[in-house]
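Report on one structure; see the data block that follows.
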Amino acid sequence: MKKFLIAGNWKMNKTTAEAIEFGNEIKAKGFSNAKDVAILAPFTQLTELGKALEGSGIGFGAQNVHFEPSGAFTGEISVPMLQEIGVGYCIVGHSERREYFGETDQTVNAKLKALLQAGITPILCVGESLEVREGKGEQTFVAGQLIADFEGISAADAAKIVIAYEPIWAIGTGKTATPDQAEEMCAFIRGVMGGTYDNGTADSMLILYGGSMKPSNAAELLAKPDINGGLIGGASLKVDDFAAIVDAAAALA
Ligand code: PEP
């Protein structure tokens, strides 16, 4: 049976009051596949969101973290701080962080290692720009990111990392990769993991698609054999849209 994860990335949206309201409403949906669902919220909302989701089975997590456990890093949040409030997941290397906040494959790699050590599931984002795709360099580019991001990580740890393929040209643009384009890259990513580690590890890994996934296109994307779910931005902000995507995954599980 195919495994799924439907993860909502709220980015820099919602107040804590709005996060609690969303948490209560999504919990009330009583999803049969609640354990395959997670919400990645801004730091300030995590404690209260966690409380609202308690008992629902739905996971929650952060959108970024620093790789050092403590120190003189003004404005940053560490892994032990996330651990203390019980987060299960953390996004690493989102293209917005790579583009606007200087995230590199080296910092991504350090963050993955710090999260794995703490037992928090990283959701690692990779994906190419439009320019790279137009030059037909997308596979070389994504393989390069993967090799650098997984440097020094064992097969047992790699299996715990969720990979999200997020073509930059499809994020927040309303432009979705076609199901075939998304499947082609997710299968390619699984192949890179198979080559780096082994096929058993690669087959056990969750590989998500992200980029303008919404209720109208989710079922077709999620039906593809190498797509284990979605990282969802815009459509995760409304309870009914997000719930429709969760239901689409439940229908395929
Ligand atoms: C994202 O930011 O991870 C994302 C996929 O956004 P959107 O769904 O809005 O394209």
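Every chain in the structure tokens has a letter given in the order shown (A, B, ...), and although residue numbers restart at 1 in each chain, ligands are simply numbered from 1 in the order shown.
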| request: Run DSSP on the backbone and grab whatever in segment 10-252 of chain A lands in alpha helix (DSSP H); send it over as a ChimeraX atom specification. | output: /A:16-28,46-53,79-84,95-100,105-118,130-134,138-149,155-158,179-196,199-204,215-222,239-252
Selection from above, C-alpha atoms, as a compact mmCIF listing (two decimals), in the first residue's frame, can you write it?
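Printed below is part21.txt as written:
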# COMPACT_ATOMS: atom_id res chain seq x y z
CA THR A 16 -2.10 32.49 16.60
CA ALA A 17 -5.86 33.00 17.02
CA GLU A 18 -6.38 32.01 13.38
CA ALA A 19 -4.08 29.00 13.76
CA ILE A 20 -6.12 27.76 16.76
CA GLU A 21 -9.36 28.20 14.80
CA PHE A 22 -7.91 26.26 11.85
CA GLY A 23 -6.61 23.54 14.22
CA ASN A 24 -10.02 23.11 15.83
CA GLU A 25 -11.80 22.98 12.48
CA ILE A 26 -9.41 20.53 10.85
CA LYS A 27 -9.48 18.28 13.93
CA ALA A 28 -13.27 18.23 13.70
CA LEU A 46 3.33 26.17 17.12
CA THR A 47 2.57 25.76 20.83
CA GLU A 48 -1.08 26.72 20.51
CA LEU A 49 -1.56 24.88 17.21
CA GLY A 50 -0.11 21.75 18.85
CA LYS A 51 -2.63 22.06 21.67
CA ALA A 52 -5.54 22.56 19.26
CA LEU A 53 -4.52 19.44 17.31
CA VAL A 79 16.26 22.10 17.34
CA PRO A 80 16.00 21.69 21.17
CA MET A 81 13.53 24.61 21.20
CA LEU A 82 11.37 22.80 18.64
CA GLN A 83 11.75 19.53 20.52
CA GLU A 84 10.52 21.16 23.72
CA SER A 95 13.28 27.52 -2.25
CA GLU A 96 12.12 30.76 -0.59
CA ARG A 97 14.74 30.27 2.11
CA ARG A 98 17.38 29.33 -0.45
CA GLU A 99 16.52 32.43 -2.52
CA TYR A 100 15.85 35.12 0.12
CA ASP A 105 23.18 22.92 0.48
CA GLN A 106 25.78 23.04 3.26
CA THR A 107 23.40 24.62 5.79
CA VAL A 108 20.62 22.31 4.60
CA ASN A 109 22.88 19.32 5.25
CA ALA A 110 23.74 20.56 8.77
CA LYS A 111 20.06 21.17 9.54
CA LEU A 112 19.07 17.68 8.33
CA LYS A 113 21.67 16.11 10.62
CA ALA A 114 20.60 18.18 13.64
CA LEU A 115 16.91 17.31 13.12
CA LEU A 116 17.59 13.61 12.59
CA GLN A 117 19.56 13.45 15.81
CA ALA A 118 16.57 14.92 17.64
CA LEU A 130 12.29 27.86 -14.87
CA GLU A 131 15.58 28.82 -16.47
CA VAL A 132 17.14 25.48 -15.52
CA ARG A 133 14.11 23.55 -16.82
CA GLU A 134 14.08 25.48 -20.08
CA GLU A 138 16.46 19.94 -14.17
CA GLN A 139 17.63 16.40 -13.43
CA THR A 140 21.29 17.38 -13.15
CA PHE A 141 20.33 20.30 -10.90
CA VAL A 142 18.10 18.28 -8.56
CA ALA A 143 20.59 15.39 -8.39
CA GLY A 144 23.28 17.92 -7.40
CA GLN A 145 21.09 19.28 -4.60
CA LEU A 146 20.33 15.77 -3.33
CA ILE A 147 23.93 14.61 -3.33
CA ALA A 148 25.07 17.70 -1.40
CA ASP A 149 22.09 17.71 0.97
CA ALA A 155 20.84 4.98 4.77
CA ALA A 156 18.91 4.43 8.01
CA ASP A 157 18.70 8.20 8.56
CA ALA A 158 18.02 8.99 4.89
CA PRO A 179 1.23 14.92 -13.31
CA ASP A 180 3.66 13.38 -15.80
CA GLN A 181 6.33 16.04 -15.19
CA ALA A 182 5.93 15.66 -11.41
CA GLU A 183 6.02 11.87 -11.61
CA GLU A 184 9.07 11.90 -13.87
CA MET A 185 11.07 13.96 -11.38
CA CYS A 186 9.82 12.11 -8.28
CA ALA A 187 10.78 8.79 -9.92
CA PHE A 188 14.15 10.31 -10.84
CA ILE A 189 14.67 11.41 -7.21
CA ARG A 190 13.85 7.89 -6.02
CA GLY A 191 16.41 6.59 -8.52
CA VAL A 192 19.08 8.97 -7.17
CA MET A 193 18.32 7.74 -3.64
CA GLY A 194 18.52 4.14 -4.88
CA GLY A 195 21.93 4.85 -6.41
CA THR A 196 23.20 6.72 -3.35
CA ASN A 199 16.55 0.34 -3.61
CA GLY A 200 14.98 -0.71 -0.30
CA THR A 201 15.83 2.66 1.23
CA ALA A 202 14.64 4.53 -1.86
CA ASP A 203 11.36 2.62 -2.01
CA SER A 204 10.62 3.33 1.64
CA PRO A 215 -8.34 20.30 -4.72
CA SER A 216 -8.86 20.33 -8.50
CA ASN A 217 -5.50 18.74 -9.39
CA ALA A 218 -4.56 16.80 -6.24
CA ALA A 219 -6.12 13.44 -7.09
CA GLU A 220 -4.36 13.20 -10.45
CA LEU A 221 -0.98 14.11 -8.97
CA LEU A 222 -1.37 11.85 -5.92
CA VAL A 239 -9.67 24.36 5.92
CA ASP A 240 -11.97 23.08 3.18
CA ASP A 241 -9.36 23.21 0.42
CA PHE A 242 -6.77 21.47 2.58
CA ALA A 243 -9.33 18.90 3.75
CA ALA A 244 -10.26 18.11 0.13
CA ILE A 245 -6.61 17.29 -0.62
CA VAL A 246 -6.38 15.11 2.52
CA ASP A 247 -9.54 13.30 1.38
CA ALA A 248 -8.07 12.80 -2.12
CA ALA A 249 -5.10 11.01 -0.52
CA ALA A 250 -7.40 8.92 1.70
CA ALA A 251 -9.30 7.75 -1.38
CA LEU A 252 -6.06 6.49 -2.93
| field | Within-9 Å residues of ligand 1, basis only C-alpha atoms and all ligand atoms, as a ChimeraX atom specification | value | /A:7-11,94-96,125,164,166-176,209-214,230-236
| task | Report the residues of segment 70-238 of chain A whose backbone DSSP state falls under strand (DSSP E or B), written as a VMD selection string. | result | chain A and resid 78 89 to 92 121 to 126 162 to 165 207 to 210 229 to 232
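Considering only C-alpha atoms, the residue among A:Met1, A:Val126, A:Ile120, A:Ala253 positioned nearest to Ser32 of chain A is A:Ala253.
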| request: Write out as a VMD selection string each polymer residue whose atoms come within 10 Å of Ile123 of chain A, counting only C-alpha atoms; drop sequence neighbours fewer than 6 positions from it. | output: chain A and resid 7 40 61 to 64 89 to 94 112 160 to 164 206 to 208 231
Using the selection just defined, write its residues with N, CA, C and O atoms as a tab-separated table (two decimals), in the first residue's frame.
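Below you can see result-v1.tsv, which holds the result:
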chain	number	residue	atom	x	y	z
A	7	ALA	N	1.17	17.68	3.62
A	7	ALA	CA	1.75	18.67	4.53
A	7	ALA	C	1.40	20.08	4.06
A	7	ALA	O	1.65	20.43	2.91
A	40	LEU	N	2.70	22.86	8.81
A	40	LEU	CA	3.96	23.56	9.10
A	40	LEU	C	3.63	25.04	9.26
A	40	LEU	O	3.27	25.71	8.29
A	61	GLY	N	4.56	21.15	12.65
A	61	GLY	CA	5.99	21.39	12.64
A	61	GLY	C	6.34	22.79	12.19
A	61	GLY	O	5.46	23.63	11.96
A	62	ALA	N	7.66	23.01	12.07
A	62	ALA	CA	8.20	24.34	11.75
A	62	ALA	C	8.61	24.40	10.28
A	62	ALA	O	8.62	23.39	9.57
A	63	GLN	N	8.95	25.60	9.85
A	63	GLN	CA	9.31	25.83	8.45
A	63	GLN	C	10.81	26.05	8.27
A	63	GLN	O	11.29	26.21	7.15
A	64	ASN	N	11.52	26.10	9.38
A	64	ASN	CA	12.96	26.34	9.34
A	64	ASN	C	13.52	26.09	10.73
A	64	ASN	O	12.76	26.06	11.70
A	89	TYR	N	7.78	17.65	12.72
A	89	TYR	CA	8.33	17.89	11.37
A	89	TYR	C	9.03	19.25	11.29
A	89	TYR	O	8.69	20.16	12.05
A	90	CYS	N	9.92	19.38	10.32
A	90	CYS	CA	10.48	20.71	10.02
A	90	CYS	C	10.89	20.76	8.55
A	90	CYS	O	11.59	19.87	8.07
A	91	ILE	N	10.41	21.79	7.86
A	91	ILE	CA	10.84	22.00	6.47
A	91	ILE	C	12.30	22.46	6.47
A	91	ILE	O	12.70	23.25	7.31
A	92	VAL	N	13.05	21.96	5.51
A	92	VAL	CA	14.45	22.38	5.35
A	92	VAL	C	14.69	22.69	3.87
A	92	VAL	O	14.29	21.92	2.99
A	93	GLY	N	15.33	23.82	3.62
A	93	GLY	CA	15.74	24.13	2.25
A	93	GLY	C	14.62	24.53	1.31
A	93	GLY	O	14.74	24.32	0.09
A	94	HIS	N	13.54	25.10	1.85
A	94	HIS	CA	12.49	25.60	0.94
A	94	HIS	C	13.12	26.60	-0.02
A	94	HIS	O	14.02	27.36	0.36
A	112	LEU	N	19.60	19.05	8.41
A	112	LEU	CA	19.07	17.68	8.33
A	112	LEU	C	19.68	16.83	9.44
A	112	LEU	O	18.97	16.10	10.14
A	160	LYS	N	14.43	8.34	6.85
A	160	LYS	CA	13.52	9.12	7.71
A	160	LYS	C	13.23	10.51	7.13
A	160	LYS	O	12.41	11.24	7.66
A	161	ILE	N	13.96	10.88	6.08
A	161	ILE	CA	13.79	12.22	5.49
A	161	ILE	C	12.69	12.17	4.44
A	161	ILE	O	12.65	11.27	3.60
A	162	VAL	N	11.78	13.13	4.51
A	162	VAL	CA	10.76	13.29	3.47
A	162	VAL	C	11.34	14.27	2.45
A	162	VAL	O	11.85	15.32	2.83
A	163	ILE	N	11.27	13.93	1.18
A	163	ILE	CA	11.75	14.84	0.13
A	163	ILE	C	10.53	15.46	-0.55
A	163	ILE	O	9.58	14.75	-0.91
A	164	ALA	N	10.56	16.77	-0.73
A	164	ALA	CA	9.49	17.42	-1.50
A	164	ALA	C	10.10	17.99	-2.77
A	164	ALA	O	10.99	18.86	-2.70
A	206	LEU	N	9.39	8.77	1.50
A	206	LEU	CA	8.24	9.56	1.06
A	206	LEU	C	8.76	10.69	0.17
A	206	LEU	O	9.58	11.50	0.60
A	207	ILE	N	8.26	10.74	-1.05
A	207	ILE	CA	8.63	11.80	-1.98
A	207	ILE	C	7.35	12.55	-2.37
A	207	ILE	O	6.41	11.95	-2.92
A	208	LEU	N	7.31	13.83	-2.01
A	208	LEU	CA	6.11	14.64	-2.23
A	208	LEU	C	6.29	15.53	-3.44
A	208	LEU	O	7.41	15.84	-3.84
A	231	LEU	N	3.33	18.89	-0.63
A	231	LEU	CA	3.63	20.02	0.23
A	231	LEU	C	2.82	21.17	-0.36
A	231	LEU	O	3.02	21.54	-1.52
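For the pair atom CA of Gly30 of chain A and atom CA of Gly55 of chain A, the interatomic distance is 10.3 Å.
Proximity of A:Asn228, A:Ser129, A:Thr178, A:Ser56 to Asn33 of chain A, computed with only C-alpha atoms, is greatest for A:Ser56.
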